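Novice: Sharing a structure here in structure tokens format.
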Amino acid sequence: MKNRHLACPLAVATALALAGCGMLPGGGQTKTVSIWLMRDSASEDFLTRFTEAYEEEHDGVELDITIQDWTGIGKKVTEAIEGSGGPDVIEVGNTQVAQYADTEKLYDLTLESVRDLGSEDWLPGLAEPGSIGGSQYGIPWYAANRIVIYNKDLFQDAGIDKPPVTQAEWLADTEKLNRGGSQGIYLAGQDWYTLSGFIWDEGGELAVDKGGEWTGALGSPAALRGMDFYKKLQSLGTGPKNADEQNPPQADVFAKGDVAQIIATPSAVASILKANPALKDKLGYFAIPGKKADRPCVVFTGGSDLIIPENAPQRGAALDVVKALAGEKWQTELARAMGYVPNKKGLASVVSGQEATAVMAAAAARGRATPNSPQWANVEADNPIKPYMTAVLQGEDPKEAAEKASAEISDTLAE
């Protein structure tokens, strides 16, 4: 990186020298671009390489990267974008863009999206939540989504020589796997992100926007079909009906060696192998099957977008930084370093050598995000979808339970 602490020697304090140090008006002052990134989104090595390369290629620009924690970040970002200046670039969760855009304090990046960033090839699960009212406020940075992680030995023992490619095959195979002291699948009853994919694959929605008014939609026939498939799959294991995938952590359950499958992001592999290194060569991966063999299931896309506040002191330079981070070179570097899906479908091949990530990237082409309402974060804060799922799994009437949960979603989105 450039040395950020050089001062002009007093002995040569001529007007020319002062101008060269940026101390006189019009003297080529160094621009410092302030960037907020989230903890663990990028490794220290990646950030060092990006900073050094960027500053080398952009004379007179320095990058000041600050790492933020996810806990409490919403309030902090809102205060920053409504304040008097800075930071210049902020990483936010893809589903958070609507919340910040609602302040009307974000810079409209629509022109740059079309002209410079190839927005037509962006992953929909990152691009759609960044687009509010026809304007692009969030630039896709990276994505991650769920796949099926399976135990090759248990598949072989059950006589299954290749992963299923349709939901019908998946149910049949999982039933074969769910015997002899092994679970066909460990699927917690409140894994609502996975349920969302099944609902979307059926053509349903979690909530719909009717003329600017958001209403819950879990009671539609399509959404109920998604829940019915979830119930059938969940019954082929002993996952709890009243807890999510973190209680207990499903990676730890899988690591015991008697679970054939879990639905998780590839990041779970590290936790699995930490708990049971003997599984290192026994893990396989496939996309969550859809209704047809040539179309994997729709999946929830998590990840991050980059935003620029209207009050950014170095907005022009910030635009160039975003273009670099979202461009092919550094997308490739980030995906390979962190095991992420790049922001464009056309870049999926850059992770072809990483088996789990490659499966994830292929599935990401059919990714979706949660409803694009600025109030959706409030729905997740006291999520009515979770008790709805438990109610159905415990035998309550699906339609009645769905209508109750949908009414709660509608009330929250109307706040």
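Ligands are numbered from 1 in the order shown, chains are lettered A, B, ... in the order of the structure tokens, and residues start at 1 in each chain.
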From the DSSP assignment of the backbone, select every residue of region 61-299 of chain A that is helix (DSSP H, G or I), and format the answer as an MDAnalysis selection string.
Specialist: chainID A and resid 73:81 94:101 110:115 119:121 124:130 152:157 167:177 192:201 221:234 250:255 268:275 277:279
Novice: What would the file look like if the residues just selected were written as a PDB file, in the first residue's frame with C-alpha atoms?
Specialist:
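Final file, part-v4.pdb:
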ATOM      1  CA  ILE A  73     -25.317  -2.191  11.501  1.00  0.00           C
ATOM      2  CA  GLY A  74     -28.762  -1.055  10.338  1.00  0.00           C
ATOM      3  CA  LYS A  75     -28.923   1.903  12.702  1.00  0.00           C
ATOM      4  CA  LYS A  76     -25.295   2.793  12.009  1.00  0.00           C
ATOM      5  CA  VAL A  77     -25.736   2.836   8.224  1.00  0.00           C
ATOM      6  CA  THR A  78     -28.960   4.830   8.435  1.00  0.00           C
ATOM      7  CA  GLU A  79     -27.284   7.449  10.603  1.00  0.00           C
ATOM      8  CA  ALA A  80     -24.324   7.605   8.222  1.00  0.00           C
ATOM      9  CA  ILE A  81     -26.355   8.118   5.058  1.00  0.00           C
ATOM     10  CA  ASN A  94     -28.787  -7.511  -0.459  1.00  0.00           C
ATOM     11  CA  THR A  95     -32.155  -7.619   1.311  1.00  0.00           C
ATOM     12  CA  GLN A  96     -31.364  -4.401   3.210  1.00  0.00           C
ATOM     13  CA  VAL A  97     -31.146  -2.093   0.202  1.00  0.00           C
ATOM     14  CA  ALA A  98     -34.871  -1.259   0.214  1.00  0.00           C
ATOM     15  CA  GLN A  99     -34.644  -0.201   3.851  1.00  0.00           C
ATOM     16  CA  TYR A 100     -31.860   2.286   3.100  1.00  0.00           C
ATOM     17  CA  ALA A 101     -33.331   3.452  -0.202  1.00  0.00           C
ATOM     18  CA  THR A 110     -28.919   3.112 -12.737  1.00  0.00           C
ATOM     19  CA  LEU A 111     -26.813   4.753 -15.454  1.00  0.00           C
ATOM     20  CA  GLU A 112     -23.596   3.105 -14.296  1.00  0.00           C
ATOM     21  CA  SER A 113     -25.374  -0.244 -13.987  1.00  0.00           C
ATOM     22  CA  VAL A 114     -26.395  -0.236 -17.623  1.00  0.00           C
ATOM     23  CA  ARG A 115     -23.460   1.625 -19.152  1.00  0.00           C
ATOM     24  CA  SER A 119     -26.381  -5.302 -15.291  1.00  0.00           C
ATOM     25  CA  GLU A 120     -28.175  -7.540 -17.788  1.00  0.00           C
ATOM     26  CA  ASP A 121     -26.079 -10.503 -16.572  1.00  0.00           C
ATOM     27  CA  PRO A 124     -31.417 -11.798 -10.005  1.00  0.00           C
ATOM     28  CA  GLY A 125     -31.185 -12.514  -6.280  1.00  0.00           C
ATOM     29  CA  LEU A 126     -28.681  -9.669  -5.928  1.00  0.00           C
ATOM     30  CA  ALA A 127     -29.899  -7.280  -8.630  1.00  0.00           C
ATOM     31  CA  GLU A 128     -33.626  -7.302  -7.852  1.00  0.00           C
ATOM     32  CA  PRO A 129     -33.401  -6.229  -4.197  1.00  0.00           C
ATOM     33  CA  GLY A 130     -31.027  -3.448  -5.256  1.00  0.00           C
ATOM     34  CA  LYS A 152     -21.399 -40.367  -0.110  1.00  0.00           C
ATOM     35  CA  ASP A 153     -21.039 -43.505   2.010  1.00  0.00           C
ATOM     36  CA  LEU A 154     -24.680 -43.432   3.092  1.00  0.00           C
ATOM     37  CA  PHE A 155     -25.816 -42.902  -0.505  1.00  0.00           C
ATOM     38  CA  GLN A 156     -23.701 -45.857  -1.627  1.00  0.00           C
ATOM     39  CA  ASP A 157     -25.036 -48.048   1.180  1.00  0.00           C
ATOM     40  CA  GLN A 167     -38.089 -33.394  -6.420  1.00  0.00           C
ATOM     41  CA  ALA A 168     -39.889 -36.705  -7.002  1.00  0.00           C
ATOM     42  CA  GLU A 169     -36.546 -38.530  -7.233  1.00  0.00           C
ATOM     43  CA  TRP A 170     -35.281 -36.649  -4.197  1.00  0.00           C
ATOM     44  CA  LEU A 171     -38.184 -37.766  -2.035  1.00  0.00           C
ATOM     45  CA  ALA A 172     -37.823 -41.367  -3.211  1.00  0.00           C
ATOM     46  CA  ASP A 173     -34.065 -41.419  -2.566  1.00  0.00           C
ATOM     47  CA  THR A 174     -34.435 -39.746   0.810  1.00  0.00           C
ATOM     48  CA  GLU A 175     -36.966 -42.353   1.839  1.00  0.00           C
ATOM     49  CA  LYS A 176     -34.432 -45.087   0.965  1.00  0.00           C
ATOM     50  CA  LEU A 177     -31.803 -43.274   3.010  1.00  0.00           C
ATOM     51  CA  TRP A 192     -37.807 -20.710   6.328  1.00  0.00           C
ATOM     52  CA  TYR A 193     -35.168 -19.780   3.750  1.00  0.00           C
ATOM     53  CA  THR A 194     -35.376 -23.301   2.333  1.00  0.00           C
ATOM     54  CA  LEU A 195     -39.178 -23.172   2.441  1.00  0.00           C
ATOM     55  CA  SER A 196     -39.069 -19.891   0.514  1.00  0.00           C
ATOM     56  CA  GLY A 197     -37.311 -21.637  -2.368  1.00  0.00           C
ATOM     57  CA  PHE A 198     -39.964 -24.363  -2.495  1.00  0.00           C
ATOM     58  CA  ILE A 199     -42.717 -21.722  -2.493  1.00  0.00           C
ATOM     59  CA  TRP A 200     -41.076 -19.724  -5.282  1.00  0.00           C
ATOM     60  CA  ASP A 201     -40.483 -22.886  -7.302  1.00  0.00           C
ATOM     61  CA  PRO A 221     -52.386 -22.551  -3.567  1.00  0.00           C
ATOM     62  CA  ALA A 222     -48.820 -22.328  -4.908  1.00  0.00           C
ATOM     63  CA  ALA A 223     -47.368 -21.340  -1.524  1.00  0.00           C
ATOM     64  CA  LEU A 224     -49.275 -24.153   0.165  1.00  0.00           C
ATOM     65  CA  ARG A 225     -47.845 -26.656  -2.334  1.00  0.00           C
ATOM     66  CA  GLY A 226     -44.366 -25.470  -1.370  1.00  0.00           C
ATOM     67  CA  MET A 227     -45.150 -26.027   2.309  1.00  0.00           C
ATOM     68  CA  ASP A 228     -46.587 -29.467   1.552  1.00  0.00           C
ATOM     69  CA  PHE A 229     -43.359 -30.534  -0.163  1.00  0.00           C
ATOM     70  CA  TYR A 230     -41.355 -29.203   2.776  1.00  0.00           C
ATOM     71  CA  LYS A 231     -43.465 -31.268   5.164  1.00  0.00           C
ATOM     72  CA  LYS A 232     -42.942 -34.462   3.161  1.00  0.00           C
ATOM     73  CA  LEU A 233     -39.189 -33.921   3.024  1.00  0.00           C
ATOM     74  CA  GLN A 234     -38.885 -32.929   6.676  1.00  0.00           C
ATOM     75  CA  GLN A 250     -27.185 -28.608  11.616  1.00  0.00           C
ATOM     76  CA  ALA A 251     -23.536 -28.928  10.582  1.00  0.00           C
ATOM     77  CA  ASP A 252     -22.774 -30.488  13.961  1.00  0.00           C
ATOM     78  CA  VAL A 253     -25.670 -32.926  13.588  1.00  0.00           C
ATOM     79  CA  PHE A 254     -24.509 -33.947  10.114  1.00  0.00           C
ATOM     80  CA  ALA A 255     -20.929 -34.383  11.334  1.00  0.00           C
ATOM     81  CA  ALA A 268     -21.055 -25.346   6.468  1.00  0.00           C
ATOM     82  CA  VAL A 269     -18.363 -27.715   5.192  1.00  0.00           C
ATOM     83  CA  ALA A 270     -15.690 -26.126   7.379  1.00  0.00           C
ATOM     84  CA  SER A 271     -17.823 -26.673  10.483  1.00  0.00           C
ATOM     85  CA  ILE A 272     -18.573 -30.254   9.479  1.00  0.00           C
ATOM     86  CA  LEU A 273     -14.931 -31.132   8.977  1.00  0.00           C
ATOM     87  CA  LYS A 274     -13.867 -29.367  12.151  1.00  0.00           C
ATOM     88  CA  ALA A 275     -16.275 -31.570  14.092  1.00  0.00           C
ATOM     89  CA  PRO A 277     -12.309 -34.637   9.941  1.00  0.00           C
ATOM     90  CA  ALA A 278     -12.963 -38.253   8.885  1.00  0.00           C
ATOM     91  CA  LEU A 279     -15.714 -36.991   6.559  1.00  0.00           C
TER      92      LEU A 279
END
Novice: Just the strand (DSSP E) stuff from region 41-188 of chain A, please, per backbone DSSP, written as a PyMOL selection string.
Specialist: chain A and resi 61-68+89-93+131-132+135-136+139-145+147-151
Novice: Skipping near chain neighbours, those fewer than 3 positions away, what residues fall within 7 Å of region 33-38 of chain A using only C-alpha atoms, listed as a list of chain:residue names?
Specialist: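 Once the adjacent positions are removed, what remains is A:Ser41, A:Glu62, A:Leu63, A:Asp64, A:Ile65, A:Thr66, A:Ile67, A:Gln68, A:Asp69, A:Trp70, A:Pro87, A:Asp88, A:Val89, A:Ile90, A:Glu91, A:Gln314, A:Ala317, A:Ala318.
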Novice: Using the selection just defined, write its residues with all heavy atoms as a compact mmCIF listing (two decimals), in the first residue's frame.
Specialist:
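What landed in selection-v8.txt:
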# COMPACT_ATOMS: atom_id res chain seq x y z
N SER A 41 -16.60 -10.66 5.13
CA SER A 41 -17.01 -10.66 3.73
C SER A 41 -15.83 -10.86 2.80
O SER A 41 -15.96 -11.46 1.73
CB SER A 41 -17.71 -9.33 3.38
OG SER A 41 -19.00 -9.29 3.93
N GLU A 62 -6.47 7.20 -2.33
CA GLU A 62 -6.18 6.26 -1.27
C GLU A 62 -7.48 5.66 -0.75
O GLU A 62 -8.50 6.35 -0.70
CB GLU A 62 -5.42 6.94 -0.12
CG GLU A 62 -4.01 7.36 -0.49
CD GLU A 62 -3.27 8.00 0.68
OE1 GLU A 62 -3.92 8.31 1.69
OE2 GLU A 62 -2.04 8.18 0.57
N LEU A 63 -7.44 4.39 -0.38
CA LEU A 63 -8.62 3.70 0.13
C LEU A 63 -8.50 3.53 1.64
O LEU A 63 -7.48 3.06 2.15
CB LEU A 63 -8.76 2.32 -0.52
CG LEU A 63 -8.78 2.29 -2.05
CD1 LEU A 63 -9.05 0.87 -2.54
CD2 LEU A 63 -9.82 3.26 -2.62
N ASP A 64 -9.54 3.91 2.33
CA ASP A 64 -9.59 3.77 3.78
C ASP A 64 -10.73 2.80 4.10
O ASP A 64 -11.91 3.18 4.09
CB ASP A 64 -9.84 5.14 4.43
CG ASP A 64 -9.91 5.04 5.95
OD1 ASP A 64 -9.47 4.02 6.50
OD2 ASP A 64 -10.44 5.99 6.57
N ILE A 65 -10.37 1.53 4.33
CA ILE A 65 -11.38 0.47 4.53
C ILE A 65 -11.58 0.23 6.02
O ILE A 65 -10.63 -0.03 6.75
CB ILE A 65 -10.95 -0.82 3.83
CG1 ILE A 65 -10.82 -0.59 2.32
CG2 ILE A 65 -11.95 -1.94 4.11
CD1 ILE A 65 -10.28 -1.78 1.55
N THR A 66 -12.83 0.32 6.44
CA THR A 66 -13.20 0.05 7.83
C THR A 66 -14.10 -1.17 7.87
O THR A 66 -15.08 -1.26 7.12
CB THR A 66 -13.94 1.25 8.45
OG1 THR A 66 -13.11 2.41 8.38
CG2 THR A 66 -14.30 0.98 9.90
N ILE A 67 -13.77 -2.11 8.74
CA ILE A 67 -14.57 -3.34 8.87
C ILE A 67 -15.64 -3.13 9.94
O ILE A 67 -15.35 -2.71 11.06
CB ILE A 67 -13.68 -4.55 9.24
CG1 ILE A 67 -12.59 -4.74 8.19
CG2 ILE A 67 -14.53 -5.80 9.39
CD1 ILE A 67 -13.10 -4.99 6.79
N GLN A 68 -16.88 -3.41 9.57
CA GLN A 68 -18.02 -3.25 10.47
C GLN A 68 -18.59 -4.62 10.87
O GLN A 68 -18.47 -5.59 10.12
CB GLN A 68 -19.13 -2.42 9.79
CG GLN A 68 -18.70 -1.06 9.28
CD GLN A 68 -18.50 -0.07 10.41
OE1 GLN A 68 -18.86 -0.31 11.56
NE2 GLN A 68 -17.90 1.08 10.09
N ASP A 69 -19.24 -4.66 12.02
CA ASP A 69 -19.93 -5.87 12.46
C ASP A 69 -21.40 -5.82 12.04
O ASP A 69 -22.02 -4.74 12.02
CB ASP A 69 -19.84 -6.01 13.99
CG ASP A 69 -18.42 -6.32 14.44
OD1 ASP A 69 -17.83 -7.26 13.90
OD2 ASP A 69 -17.91 -5.61 15.35
N TRP A 70 -21.97 -6.98 11.76
CA TRP A 70 -23.37 -7.03 11.34
C TRP A 70 -24.30 -6.60 12.46
O TRP A 70 -25.32 -5.95 12.22
CB TRP A 70 -23.73 -8.44 10.88
CG TRP A 70 -23.18 -8.80 9.53
CD1 TRP A 70 -22.14 -9.64 9.27
CD2 TRP A 70 -23.62 -8.32 8.26
NE1 TRP A 70 -21.91 -9.72 7.91
CE2 TRP A 70 -22.81 -8.93 7.26
CE3 TRP A 70 -24.63 -7.45 7.86
CZ2 TRP A 70 -22.97 -8.68 5.90
CZ3 TRP A 70 -24.80 -7.21 6.49
CH2 TRP A 70 -23.97 -7.82 5.54
N PRO A 87 -19.66 7.45 5.04
CA PRO A 87 -18.58 7.03 4.15
C PRO A 87 -18.99 7.11 2.67
O PRO A 87 -20.14 7.42 2.37
CB PRO A 87 -18.30 5.59 4.58
CG PRO A 87 -19.63 5.13 5.10
CD PRO A 87 -20.26 6.32 5.77
N ASP A 88 -18.03 6.79 1.80
CA ASP A 88 -18.30 6.91 0.37
C ASP A 88 -18.91 5.66 -0.24
O ASP A 88 -19.73 5.73 -1.16
CB ASP A 88 -16.99 7.23 -0.37
CG ASP A 88 -16.36 8.52 0.13
OD1 ASP A 88 -16.97 9.58 -0.08
OD2 ASP A 88 -15.28 8.45 0.74
N VAL A 89 -18.51 4.49 0.24
CA VAL A 89 -19.02 3.21 -0.25
C VAL A 89 -19.37 2.36 0.97
O VAL A 89 -18.61 2.31 1.94
CB VAL A 89 -17.96 2.46 -1.10
CG1 VAL A 89 -18.51 1.11 -1.57
CG2 VAL A 89 -17.52 3.30 -2.29
N ILE A 90 -20.53 1.70 0.93
CA ILE A 90 -20.96 0.86 2.05
C ILE A 90 -21.43 -0.48 1.51
O ILE A 90 -22.23 -0.54 0.57
CB ILE A 90 -22.10 1.50 2.85
CG1 ILE A 90 -21.75 2.93 3.29
CG2 ILE A 90 -22.43 0.65 4.07
CD1 ILE A 90 -22.89 3.65 3.99
N GLU A 91 -20.93 -1.55 2.11
CA GLU A 91 -21.46 -2.89 1.83
C GLU A 91 -22.69 -3.11 2.71
O GLU A 91 -22.65 -2.90 3.93
CB GLU A 91 -20.42 -3.96 2.15
CG GLU A 91 -20.98 -5.38 2.00
CD GLU A 91 -20.12 -6.45 2.66
OE1 GLU A 91 -19.00 -6.13 3.10
OE2 GLU A 91 -20.59 -7.61 2.73
N GLN A 314 -16.58 11.83 -1.65
CA GLN A 314 -15.79 11.51 -2.85
C GLN A 314 -16.63 10.63 -3.78
O GLN A 314 -16.24 9.53 -4.16
CB GLN A 314 -14.50 10.80 -2.46
CG GLN A 314 -13.60 11.58 -1.54
CD GLN A 314 -13.01 12.81 -2.22
OE1 GLN A 314 -13.08 12.99 -3.43
NE2 GLN A 314 -12.41 13.68 -1.42
N ALA A 317 -14.98 9.33 -7.13
CA ALA A 317 -13.99 8.29 -6.87
C ALA A 317 -14.64 7.02 -6.34
O ALA A 317 -14.20 5.91 -6.64
CB ALA A 317 -12.94 8.81 -5.88
N ALA A 318 -15.70 7.19 -5.55
CA ALA A 318 -16.42 6.03 -5.02
C ALA A 318 -17.02 5.18 -6.14
O ALA A 318 -17.01 3.95 -6.08
CB ALA A 318 -17.52 6.49 -4.06
Novice: Find the spatial neighbours of Asp244 (chain A), counting only C-alpha atoms, within a cut-off of 10 Å - ignore same-chain residues fewer than 5 positions away - and output them as a PyMOL selection string.
Specialist: chain A and resi 187-192+239+249-250+386+390
Novice: What does the file look like for those residues with N, CA, C and O atoms, as an mmCIF file, in the first residue's frame?
Specialist:
data_model
loop_
_atom_site.group_PDB
_atom_site.id
_atom_site.type_symbol
_atom_site.label_atom_id
_atom_site.label_comp_id
_atom_site.auth_asym_id
_atom_site.auth_seq_id
_atom_site.Cartn_x
_atom_site.Cartn_y
_atom_site.Cartn_z
ATOM 1 N N LEU A 187 -33.587 -31.849 8.475
ATOM 2 C CA LEU A 187 -34.200 -30.599 8.054
ATOM 3 C C LEU A 187 -34.988 -30.040 9.230
ATOM 4 O O LEU A 187 -36.008 -30.598 9.630
ATOM 5 N N ALA A 188 -34.494 -28.982 9.812
ATOM 6 C CA ALA A 188 -35.181 -28.357 10.940
ATOM 7 C C ALA A 188 -36.525 -27.801 10.491
ATOM 8 O O ALA A 188 -36.693 -27.373 9.344
ATOM 9 N N GLY A 189 -37.465 -27.782 11.403
ATOM 10 C CA GLY A 189 -38.828 -27.401 11.043
ATOM 11 C C GLY A 189 -39.021 -25.944 10.691
ATOM 12 O O GLY A 189 -40.020 -25.594 10.064
ATOM 13 N N GLN A 190 -38.091 -25.080 11.095
ATOM 14 C CA GLN A 190 -38.272 -23.648 10.855
ATOM 15 C C GLN A 190 -37.212 -23.070 9.917
ATOM 16 O O GLN A 190 -36.864 -21.891 10.007
ATOM 17 N N ASP A 191 -36.723 -23.872 9.009
ATOM 18 C CA ASP A 191 -35.755 -23.392 8.018
ATOM 19 C C ASP A 191 -36.516 -22.656 6.916
ATOM 20 O O ASP A 191 -36.742 -23.168 5.826
ATOM 21 N N TRP A 192 -36.894 -21.430 7.211
ATOM 22 C CA TRP A 192 -37.807 -20.710 6.328
ATOM 23 C C TRP A 192 -37.153 -20.248 5.031
ATOM 24 O O TRP A 192 -37.843 -20.030 4.032
ATOM 25 N N GLY A 239 -35.349 -34.105 12.339
ATOM 26 C CA GLY A 239 -35.138 -32.693 12.646
ATOM 27 C C GLY A 239 -36.261 -32.154 13.509
ATOM 28 O O GLY A 239 -37.422 -32.570 13.361
ATOM 29 N N PRO A 249 -26.983 -26.467 15.761
ATOM 30 C CA PRO A 249 -26.369 -26.229 14.447
ATOM 31 C C PRO A 249 -26.401 -27.494 13.599
ATOM 32 O O PRO A 249 -25.904 -28.542 14.006
ATOM 33 N N GLN A 250 -26.997 -27.404 12.417
ATOM 34 C CA GLN A 250 -27.185 -28.608 11.616
ATOM 35 C C GLN A 250 -25.865 -29.200 11.125
ATOM 36 O O GLN A 250 -25.777 -30.416 10.905
ATOM 37 N N LYS A 386 -41.912 -18.797 10.837
ATOM 38 C CA LYS A 386 -41.393 -19.918 11.623
ATOM 39 C C LYS A 386 -42.494 -20.650 12.410
ATOM 40 O O LYS A 386 -42.620 -21.870 12.303
ATOM 41 N N THR A 390 -44.014 -24.619 11.985
ATOM 42 C CA THR A 390 -44.152 -25.572 13.090
ATOM 43 C C THR A 390 -45.597 -26.034 13.219
ATOM 44 O O THR A 390 -45.862 -27.233 13.424
#
Novice: Would you compute the distance between CA of Pro296 (chain A) and CA of Pro164 (chain A)? Give it in Å to one decimal.
Specialist: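 Computing the Euclidean distance for CA of Pro296 (chain A) and CA of Pro164 (chain A) yields 10.5 Å.
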